[in-house]
Amino acid sequence: MSLGEALDVRSGPEASLVLRRATVLDPVAGIDATHDVVVREGKIAALAAPGEADAEGAEIVEAEGLHAFPAFFDPHVHLRTPGQEHKEDVETGTRSAAAGGYCGILAMANTQPPVSTAADVSALREQARAGASVPVGFLATVSKDMEGAELTEMVELREAGAVGFSDDGLPITDAGLMRRALQYQHLCGGNIALHEEDPQLSRDGAMHEGAVSAALGLAGVPSVSESTMVARDAALAGYERARIHVQHLSAAESVEVVRAAKAAGVQISAEASPHHLCLTDEVVRSLDPHRHKMNPPLREERDRLALIEGLRDGTIECIATDHAPHQPEEKDVPFEQAAMGVTGLETAFAALHTELVLPGVIDLALLVERMAGGAEPFDLQRPSLAPGSEANVALCDLGAEWTVGEDGYESRSANSWCAGRTLTGRVLMTVAAGQVAFRLRSFSLGVAA
Amino acid sequence: MKHLLSIEQLTREEIEAILDRAESFAEVGRRDIKKVPTLRGRTVVSLFYESSTRTSSSFDLAAKRLSADVVSVKAAGSSVEKGESLKDTIATLSAYDPAAIVIRHPYAGAAQMVAGWTPASVVNAGDGKHEHPSQALLDVYTLRRRLGSLDGIKIWIVGDVLHSRVARSNLIAFARMGAEVTVCGPPTLIPRGIEELGCDVSYTLDGIEEAEVIYALRMQKERMSESFVPSLREYAANFQIDTRRLNPRQLLMHPGPVNRGVELSGEAIDSPQSLITEQVAAGLVVRMAILYELLAGGEGGATVSEGETSRPTPIGTPA
């Protein structure tokens with residue numbers, strides 16, 4: 001089932017496009033050449049020889065020098081609805097995703113109230129069909145109202161269309177409840193995405209525990225508050241032959257635990273966020289809560305390098321933004337009081353291209369592969385440019401420089417960890433589930449001219 | 001210098017300039033009329049979100065000795081209790097066009113944020129567990145008066161380093177002035193990675209006899225309930241500075257208020273080695289010097305009133 005079929009999106013006209021002479025890169029499908037990308041009736045109709053495609057009845061996009069990638073998939077987004085629509089909603093959040101080159105996202109369930117009933121899921125799906133620019137899947141909570149005490153009605157939630165389960169925002173501290181959820185997964189299916197943190201160890205920590213927290217006098221969140229919980233849940237998943245997805249890995253120790261669990265045959269997948277891949281706790285010295293306060297916290301250089309190594313060897317199969325919108329009044333306060341989280345959908349690709357690909361730390365192909373790696377852990381089809389696939393395309397100008405925030409954001413919130421940075425590489429156009437979901441305004445004008 | 005937000009921001013030369021200025025105010029303090037006209041017609045707001053006796057009173061008095069108009073706002077009983085945000089409170093107070101805002105706040109980085117929201121000079125009078133720069137400056141001042149210089153002096157800071165902004169500011173200031181600093185306390189109260197600030201770490205008092213200065217920190221009772229230490233009794237048995245552990249050649253300091261019989265024995269507090277009351281007296285002149293440096297001194301002193309020299313002139317003395 002394609003993303004457009006499996007998830008919910010506003011229906012609109014099917015794209016009919018020819019991307020002339022685009023540099024096409026889809027490492028999973030083994031495509032790396034210059035083609036005319038022909039999109040008809042919402043599908044990749046053909047990858048024709050450059051300049052050769054029959055463009056009759058289609059919009060022609062001159063894409064010479066531009067890159068066409070399989071559009072990206074983000075398994076970790078906070079759409080904030082219901083309850084906090086002043087921060088984000090389905091419409092603004094999916095517009096933000098489209099602007100970042102995404103053709104699908106999964107929305108977290110830690111809303112107000114949390115997504116804990118079939119009715120909640122149904123209502124959200126209806127909203128997505130009415131106003132989502134890109135396909136959205138909704139996770140439901142593992143425990144009722146995220147209280148960590150009782151399981152939700154997981155079978156009914158799945159029947160209502162919940163893609164999987166997560167109490168993200170909070171860990172599942174009760175190992176017994178965690179085990180029951182994993183056992184029950186054999187009945188209800190659906191992956192369980194885990195925010196790994198032992199609150200007895202993280203306590204009131206506001207940043208990573210280390211030399212920087214010591215210098216700033218901030219309570220620290222030790223790496224082991226994450227890695228011990230990853231180890232616990234990997235052991236439980238192995239024991240129950242169940243499946244888990246570990247969210248936003250931040251610590252070197254956690255990467256090691258996931259690697260060892262995979263080697264032991266545990267069904268475990270993992271994600272890392274762009275901010276953890278690009279920044280360390282050194283930036284927290286600025287005490288800027290807008291850009292640098294999040295949970296899990298930014299850690300040390302050794303952790304960052306371990307995450308990159310995890311991306312390379314496949315321990316971490318996907319990049320997930322943990323897009324967490326907040327309004328200024330929740331961030332215009334001293335660091336310890338500020339809300340946790342940063343936005344990331346609109347900048348993920350550009351930031352990682354700038355910080356990791358251009359300096360030669362990772363290949364462009366690896367980045368493209370990992371940017372779309374978040375679908376498969378949730379049994380969704382990976383976006384592909386192979387002819388016959390649903391059209392999910394991100395068209396990017398890898399040479400374009402832009403300053404983040406200068407032209408505002410599609411998101412309703414501005415707490416981007418990249419705010420003010422100049423990035424190289426920009427998404428010009430996104431096709432999601434066969435529909436044009438985004439065009440950069442200056443680019444579309446250029447095409448018209 | 002526009003703001004005093006941290007010791008971290010200061011060079012040794014800048015620290016020395018403030019201390020030299022404080023020396024000249026000490027001289028003023030010995031006169032009958034202890035007031036100078038430097039800040040006449042200007043306003044200093046002190047905004048305290050945490051209780052404080054010595055810091056708030058000495059900043060208020062320092063501003064008054066410099067002839068400033070002083071507005072003291074305590075969070076308790078103010079609009080803060082009605083839920084006003086820090087940013088809005090600062091906007092309100094800035095409307096009075098103060099020359100300086102002195103702020104104490106329970107969270108790290110508050111003074112720095114305030115500096116971005118107001119045209120006034122901002123003085124950090126304590127931000128969370130981060131820094132307390134005026135305390136460090138008055139402690140360095142006190143020691144410099146006693147010892148002449150801190151170069152090569154061995155200083156032990158003993159107690160709850162984890163929760164202490166004084167420990168952080170002082171260890172940076174002492175090290176910057178050339179001292180060799182050791183922080184000492186139970187491992188639960190020494191933050192991981194503190195040695196990267198340029199100090200040694202000791203989990204016992206063994207070796208404290210080598211110190212020329214012992215700086216004891218306040219041990220807060222609420223730390224017991226969080227299992228940082230099992231009991232005050234056990235803490236005192238292992239870390240209390242008493243006259244048995246304090247030798248006659250050592251100097252003893254404490255930022256106050258002291259828990260008598262916990263971190264210090266009564267005898268140690270009252271011993272001739274104790275500099276505790278000198279620290280309090282130093283607080284006034286050092287805080288005068290800080291306000292002077294920010295509002296009338298250095299390159300930033302464009303607003304010094306006409307005819308005024310850089311040396312403070314007591315009221316009633318012809319300039």
# chains A, B, ... in the order shown; residues from 1 in each chain; ligands from 1
call {"tool": "interface_residues", "arguments": {"of": "chain A", "to": "chain B", "cutoff": "9 Å", "atoms": "only C-alpha atoms", "output": "PyMOL selection string"}}
result
chain A and resi 209-220+286-288+329+332-337
call {"tool": "residues_around", "arguments": {"residues": "range 48-53 of chain B", "least_positions_apart": "4", "cutoff": "9 Å", "atoms": "only C-alpha atoms", "output": "PyMOL selection string"}}
result
chain B and resi 57-58+72-76+80+102-106+125+257
call {"tool": "residues_around", "arguments": {"residues": "range 176-178 of chain B", "least_positions_apart": "6", "cutoff": "10 Å", "atoms": "only C-alpha atoms", "output": "MDAnalysis selection string"}}
result
chainID B and resid 7:8 10:13 15:16 140 144 149:154 170 198
call {"tool": "residues_around", "arguments": {"residues": "range 33-40 of chain A", "least_positions_apart": "4", "cutoff": "12 Å", "atoms": "only C-alpha atoms", "output": "number ranges by chain"}}
result
A: 13-27, 29, 44-70, 385-395, 431-436
call {"tool": "atom_distance", "arguments": {"atom1": "CA of Glu406 in chain A", "atom2": "CA of Ala419 in chain A"}}
result
8.5 Å
call {"tool": "residues_around", "arguments": {"residues": "Leu298 in chain A", "least_positions_apart": "4", "cutoff": "12 Å", "atoms": "only C-alpha atoms", "output": "PyMOL selection string"}}
result
chain A and resi 206-210+212-213+220-223+248-252+272-285+291-294+302-304+307+340-342+417
call {"tool": "write_last_selection", "arguments": {"atoms": "N, CA and C atoms", "output": "tab-separated table (two decimals), in the first residue's frame"}}
result
chain	number	residue	atom	x	y	z
A	206	ALA	N	18.16	19.85	33.01
A	206	ALA	CA	17.77	20.77	31.94
A	206	ALA	C	18.68	20.63	30.72
A	207	MET	N	19.81	19.93	30.90
A	207	MET	CA	20.74	19.73	29.78
A	207	MET	C	21.56	18.48	30.07
A	208	HIS	N	22.42	18.12	29.13
A	208	HIS	CA	23.30	16.96	29.32
A	208	HIS	C	24.21	17.16	30.54
A	209	GLU	N	24.41	16.08	31.30
A	209	GLU	CA	25.31	16.17	32.44
A	209	GLU	C	26.75	16.01	31.98
A	210	GLY	N	27.57	17.00	32.28
A	210	GLY	CA	28.98	16.95	31.87
A	210	GLY	C	29.65	18.25	32.26
A	212	VAL	N	29.92	21.02	30.73
A	212	VAL	CA	29.18	22.26	30.45
A	212	VAL	C	28.10	22.49	31.52
A	213	SER	N	27.39	21.43	31.89
A	213	SER	CA	26.38	21.61	32.95
A	213	SER	C	27.05	21.98	34.26
A	220	GLY	N	21.95	18.22	35.46
A	220	GLY	CA	22.27	17.46	34.25
A	220	GLY	C	21.41	16.22	34.08
A	221	VAL	N	21.21	15.86	32.80
A	221	VAL	CA	20.56	14.59	32.45
A	221	VAL	C	21.67	13.65	32.02
A	222	PRO	N	22.00	12.65	32.84
A	222	PRO	CA	23.13	11.78	32.47
A	222	PRO	C	22.77	10.88	31.29
A	223	SER	N	23.78	10.54	30.49
A	223	SER	CA	23.59	9.65	29.34
A	223	SER	C	22.93	8.34	29.76
A	248	HIS	N	14.63	9.26	19.00
A	248	HIS	CA	15.67	10.27	19.27
A	248	HIS	C	16.84	9.80	20.14
A	249	LEU	N	17.63	8.86	19.59
A	249	LEU	CA	18.84	8.43	20.31
A	249	LEU	C	19.76	9.65	20.48
A	250	SER	N	20.36	9.77	21.66
A	250	SER	CA	21.23	10.92	21.87
A	250	SER	C	22.60	10.54	22.41
A	251	ALA	N	22.71	9.38	23.05
A	251	ALA	CA	23.96	9.05	23.76
A	251	ALA	C	24.71	7.91	23.08
A	252	ALA	N	26.02	7.99	23.12
A	252	ALA	CA	26.87	6.95	22.54
A	252	ALA	C	26.53	5.58	23.12
A	272	ALA	N	17.57	9.09	14.81
A	272	ALA	CA	18.35	10.18	15.40
A	272	ALA	C	17.85	11.48	14.79
A	273	SER	N	17.96	12.56	15.54
A	273	SER	CA	17.43	13.83	15.06
A	273	SER	C	18.55	14.70	14.50
A	274	PRO	N	18.22	15.57	13.56
A	274	PRO	CA	19.25	16.45	12.98
A	274	PRO	C	20.01	17.26	14.03
A	275	HIS	N	19.30	17.75	15.06
A	275	HIS	CA	20.03	18.58	16.03
A	275	HIS	C	21.03	17.77	16.83
A	276	HIS	N	20.72	16.51	17.13
A	276	HIS	CA	21.71	15.69	17.83
A	276	HIS	C	22.87	15.30	16.92
A	277	LEU	N	22.63	15.29	15.61
A	277	LEU	CA	23.68	14.93	14.66
A	277	LEU	C	24.59	16.12	14.34
A	278	CYS	N	24.10	17.34	14.61
A	278	CYS	CA	24.86	18.55	14.22
A	278	CYS	C	25.43	19.33	15.40
A	279	LEU	N	24.82	19.23	16.56
A	279	LEU	CA	25.21	20.10	17.68
A	279	LEU	C	25.68	19.28	18.89
A	280	THR	N	26.42	19.96	19.78
A	280	THR	CA	26.77	19.35	21.06
A	280	THR	C	26.37	20.31	22.18
A	281	ASP	N	26.58	19.84	23.41
A	281	ASP	CA	26.19	20.65	24.57
A	281	ASP	C	27.00	21.94	24.68
A	282	GLU	N	28.08	22.05	23.89
A	282	GLU	CA	28.85	23.30	23.93
A	282	GLU	C	27.97	24.50	23.58
A	283	VAL	N	27.00	24.31	22.67
A	283	VAL	CA	26.17	25.45	22.27
A	283	VAL	C	25.25	25.92	23.40
A	284	VAL	N	25.06	25.05	24.40
A	284	VAL	CA	24.17	25.43	25.51
A	284	VAL	C	24.81	26.52	26.38
A	285	ARG	N	26.11	26.69	26.24
A	285	ARG	CA	26.78	27.76	26.99
A	285	ARG	C	26.11	29.11	26.73
A	291	ARG	N	16.68	27.82	20.87
A	291	ARG	CA	17.28	26.92	19.90
A	291	ARG	C	17.93	25.68	20.52
A	292	HIS	N	18.22	25.72	21.83
A	292	HIS	CA	19.09	24.69	22.37
A	292	HIS	C	18.53	23.91	23.54
A	293	LYS	N	17.24	24.09	23.83
A	293	LYS	CA	16.67	23.30	24.93
A	293	LYS	C	15.74	22.24	24.37
A	294	MET	N	16.07	20.99	24.58
A	294	MET	CA	15.23	19.90	24.12
A	294	MET	C	15.52	18.66	24.96
A	302	ARG	N	31.61	13.06	21.49
A	302	ARG	CA	31.72	11.61	21.33
A	302	ARG	C	30.34	11.00	21.05
A	303	ASP	N	29.31	11.58	21.63
A	303	ASP	CA	27.96	11.08	21.39
A	303	ASP	C	27.54	11.39	19.95
A	304	ARG	N	27.83	12.61	19.54
A	304	ARG	CA	27.46	13.02	18.18
A	304	ARG	C	28.15	12.11	17.16
A	307	LEU	N	26.51	8.75	17.00
A	307	LEU	CA	25.26	8.77	16.24
A	307	LEU	C	25.55	8.70	14.74
A	340	MET	N	10.69	22.33	26.46
A	340	MET	CA	11.67	21.54	25.74
A	340	MET	C	11.21	21.33	24.30
A	341	GLY	N	12.15	21.42	23.38
A	341	GLY	CA	11.82	21.06	22.01
A	341	GLY	C	12.12	22.17	21.03
A	342	VAL	N	12.43	21.74	19.79
A	342	VAL	CA	12.72	22.68	18.71
A	342	VAL	C	12.01	22.19	17.45
A	417	TRP	N	15.87	25.20	15.71
A	417	TRP	CA	17.26	25.15	16.22
A	417	TRP	C	18.22	25.76	15.21
call {"tool": "select_by_dssp", "arguments": {"residues": "range 26-155 of chain A", "states": "alpha helix (DSSP H)", "output": "number ranges by chain"}}
result
A: 90-99, 118-131, 154-155
call {"tool": "residues_around", "arguments": {"residues": "Glu14 in chain B", "least_positions_apart": "4", "cutoff": "12 Å", "atoms": "only C-alpha atoms", "output": "number ranges by chain"}}
result
B: 1, 4, 7-10, 18-21, 137, 173, 176-177, 289-290, 293-294, 297-298
call {"tool": "atom_distance", "arguments": {"atom1": "CA of Val115 in chain A", "atom2": "CA of Gln183 in chain A"}}
result
21.1 Å
call {"tool": "closest_residue", "arguments": {"among": "A:Leu201, A:Val77, A:Val230, A:Ala118", "to": "Ser96 in chain A", "atoms": "only C-alpha atoms"}}
result
A:Val77
call {"tool": "decode", "arguments": {"residues": "range 111-218 of chain B", "atoms": "C-alpha atoms", "output": "PDB file, in the first residue's frame"}}
result
ATOM      1  CA  ALA B 111      20.433  38.158  34.143  1.00  0.00           C
ATOM      2  CA  GLN B 112      21.807  37.533  30.652  1.00  0.00           C
ATOM      3  CA  MET B 113      18.290  37.386  29.209  1.00  0.00           C
ATOM      4  CA  VAL B 114      17.351  40.576  31.039  1.00  0.00           C
ATOM      5  CA  ALA B 115      20.368  42.297  29.492  1.00  0.00           C
ATOM      6  CA  GLY B 116      18.808  41.611  26.106  1.00  0.00           C
ATOM      7  CA  TRP B 117      15.497  43.151  27.115  1.00  0.00           C
ATOM      8  CA  THR B 118      16.517  46.462  28.687  1.00  0.00           C
ATOM      9  CA  PRO B 119      18.748  49.394  27.743  1.00  0.00           C
ATOM     10  CA  ALA B 120      19.936  49.535  31.382  1.00  0.00           C
ATOM     11  CA  SER B 121      23.149  47.992  32.655  1.00  0.00           C
ATOM     12  CA  VAL B 122      22.425  44.663  34.288  1.00  0.00           C
ATOM     13  CA  VAL B 123      24.149  43.312  37.373  1.00  0.00           C
ATOM     14  CA  ASN B 124      23.765  39.623  38.116  1.00  0.00           C
ATOM     15  CA  ALA B 125      23.212  39.286  41.853  1.00  0.00           C
ATOM     16  CA  GLY B 126      22.855  35.521  41.540  1.00  0.00           C
ATOM     17  CA  ASP B 127      21.222  33.463  38.769  1.00  0.00           C
ATOM     18  CA  GLY B 128      20.131  30.019  39.853  1.00  0.00           C
ATOM     19  CA  LYS B 129      23.099  27.794  40.571  1.00  0.00           C
ATOM     20  CA  HIS B 130      25.118  29.458  37.835  1.00  0.00           C
ATOM     21  CA  GLU B 131      27.017  32.538  39.018  1.00  0.00           C
ATOM     22  CA  HIS B 132      27.195  35.146  41.763  1.00  0.00           C
ATOM     23  CA  PRO B 133      29.899  37.459  40.459  1.00  0.00           C
ATOM     24  CA  SER B 134      29.669  40.227  43.069  1.00  0.00           C
ATOM     25  CA  GLN B 135      30.227  37.629  45.812  1.00  0.00           C
ATOM     26  CA  ALA B 136      33.345  36.339  44.073  1.00  0.00           C
ATOM     27  CA  LEU B 137      34.664  39.861  43.608  1.00  0.00           C
ATOM     28  CA  LEU B 138      34.189  40.745  47.255  1.00  0.00           C
ATOM     29  CA  ASP B 139      35.877  37.502  48.279  1.00  0.00           C
ATOM     30  CA  VAL B 140      38.861  38.165  46.038  1.00  0.00           C
ATOM     31  CA  TYR B 141      38.957  41.718  47.430  1.00  0.00           C
ATOM     32  CA  THR B 142      38.969  40.415  51.006  1.00  0.00           C
ATOM     33  CA  LEU B 143      41.771  37.973  50.274  1.00  0.00           C
ATOM     34  CA  ARG B 144      43.835  40.451  48.324  1.00  0.00           C
ATOM     35  CA  ARG B 145      43.712  42.853  51.268  1.00  0.00           C
ATOM     36  CA  ARG B 146      44.956  40.103  53.570  1.00  0.00           C
ATOM     37  CA  LEU B 147      47.457  38.405  51.300  1.00  0.00           C
ATOM     38  CA  GLY B 148      48.457  41.092  48.813  1.00  0.00           C
ATOM     39  CA  SER B 149      48.089  38.670  45.927  1.00  0.00           C
ATOM     40  CA  LEU B 150      46.380  35.352  45.201  1.00  0.00           C
ATOM     41  CA  ASP B 151      49.146  34.080  42.928  1.00  0.00           C
ATOM     42  CA  GLY B 152      50.122  30.565  43.972  1.00  0.00           C
ATOM     43  CA  ILE B 153      47.776  30.599  46.972  1.00  0.00           C
ATOM     44  CA  LYS B 154      46.095  27.249  47.672  1.00  0.00           C
ATOM     45  CA  ILE B 155      42.368  27.596  48.258  1.00  0.00           C
ATOM     46  CA  TRP B 156      39.971  24.793  49.186  1.00  0.00           C
ATOM     47  CA  ILE B 157      36.257  25.305  48.561  1.00  0.00           C
ATOM     48  CA  VAL B 158      34.426  22.849  50.801  1.00  0.00           C
ATOM     49  CA  GLY B 159      30.808  21.702  50.791  1.00  0.00           C
ATOM     50  CA  ASP B 160      27.810  21.579  48.483  1.00  0.00           C
ATOM     51  CA  VAL B 161      29.507  22.619  45.245  1.00  0.00           C
ATOM     52  CA  LEU B 162      26.718  21.130  43.102  1.00  0.00           C
ATOM     53  CA  HIS B 163      24.058  23.582  44.229  1.00  0.00           C
ATOM     54  CA  SER B 164      26.314  26.583  44.779  1.00  0.00           C
ATOM     55  CA  ARG B 165      26.590  29.570  42.453  1.00  0.00           C
ATOM     56  CA  VAL B 166      29.162  30.975  44.877  1.00  0.00           C
ATOM     57  CA  ALA B 167      31.392  27.951  44.357  1.00  0.00           C
ATOM     58  CA  ARG B 168      31.300  28.361  40.579  1.00  0.00           C
ATOM     59  CA  SER B 169      31.982  32.097  40.508  1.00  0.00           C
ATOM     60  CA  ASN B 170      34.623  31.879  43.205  1.00  0.00           C
ATOM     61  CA  LEU B 171      36.547  29.026  41.726  1.00  0.00           C
ATOM     62  CA  ILE B 172      36.714  30.842  38.381  1.00  0.00           C
ATOM     63  CA  ALA B 173      37.708  34.116  40.039  1.00  0.00           C
ATOM     64  CA  PHE B 174      40.304  32.537  42.334  1.00  0.00           C
ATOM     65  CA  ALA B 175      41.855  30.595  39.456  1.00  0.00           C
ATOM     66  CA  ARG B 176      41.888  33.679  37.224  1.00  0.00           C
ATOM     67  CA  MET B 177      43.726  35.581  39.965  1.00  0.00           C
ATOM     68  CA  GLY B 178      46.424  32.901  40.065  1.00  0.00           C
ATOM     69  CA  ALA B 179      45.285  30.719  42.972  1.00  0.00           C
ATOM     70  CA  GLU B 180      45.316  26.901  42.953  1.00  0.00           C
ATOM     71  CA  VAL B 181      41.786  25.788  43.726  1.00  0.00           C
ATOM     72  CA  THR B 182      40.558  22.465  45.097  1.00  0.00           C
ATOM     73  CA  VAL B 183      36.863  21.751  45.469  1.00  0.00           C
ATOM     74  CA  CYS B 184      35.990  19.328  48.224  1.00  0.00           C
ATOM     75  CA  GLY B 185      32.796  17.628  49.322  1.00  0.00           C
ATOM     76  CA  PRO B 186      30.912  14.340  49.199  1.00  0.00           C
ATOM     77  CA  PRO B 187      30.855  12.889  45.636  1.00  0.00           C
ATOM     78  CA  THR B 188      27.076  13.394  45.496  1.00  0.00           C
ATOM     79  CA  LEU B 189      27.572  17.151  45.808  1.00  0.00           C
ATOM     80  CA  ILE B 190      30.478  17.604  43.371  1.00  0.00           C
ATOM     81  CA  PRO B 191      29.233  18.077  39.792  1.00  0.00           C
ATOM     82  CA  ARG B 192      30.632  15.698  37.184  1.00  0.00           C
ATOM     83  CA  GLY B 193      33.108  17.562  34.970  1.00  0.00           C
ATOM     84  CA  ILE B 194      33.789  20.458  37.387  1.00  0.00           C
ATOM     85  CA  GLU B 195      37.557  19.884  37.038  1.00  0.00           C
ATOM     86  CA  GLU B 196      37.351  21.307  33.514  1.00  0.00           C
ATOM     87  CA  LEU B 197      36.867  24.714  35.133  1.00  0.00           C
ATOM     88  CA  GLY B 198      40.463  24.427  36.273  1.00  0.00           C
ATOM     89  CA  CYS B 199      40.346  22.972  39.785  1.00  0.00           C
ATOM     90  CA  ASP B 200      41.275  19.783  41.598  1.00  0.00           C
ATOM     91  CA  VAL B 201      38.616  17.620  43.212  1.00  0.00           C
ATOM     92  CA  SER B 202      38.820  15.928  46.612  1.00  0.00           C
ATOM     93  CA  TYR B 203      36.136  13.796  48.238  1.00  0.00           C
ATOM     94  CA  THR B 204      37.688  14.044  51.709  1.00  0.00           C
ATOM     95  CA  LEU B 205      39.342  16.718  53.807  1.00  0.00           C
ATOM     96  CA  ASP B 206      42.645  14.794  53.626  1.00  0.00           C
ATOM     97  CA  GLY B 207      45.252  17.254  52.485  1.00  0.00           C
ATOM     98  CA  ILE B 208      43.347  20.368  53.506  1.00  0.00           C
ATOM     99  CA  GLU B 209      46.256  21.272  55.791  1.00  0.00           C
ATOM    100  CA  GLU B 210      48.108  22.407  52.651  1.00  0.00           C
ATOM    101  CA  ALA B 211      45.477  25.076  51.976  1.00  0.00           C
ATOM    102  CA  GLU B 212      46.178  28.673  52.878  1.00  0.00           C
ATOM    103  CA  VAL B 213      42.493  29.537  52.583  1.00  0.00           C
ATOM    104  CA  ILE B 214      39.459  27.391  53.391  1.00  0.00           C
ATOM    105  CA  TYR B 215      36.212  28.577  51.845  1.00  0.00           C
ATOM    106  CA  ALA B 216      33.234  26.737  53.363  1.00  0.00           C
ATOM    107  CA  LEU B 217      29.864  26.669  51.577  1.00  0.00           C
ATOM    108  CA  ARG B 218      26.423  26.705  53.095  1.00  0.00           C
TER     109      ARG B 218
END
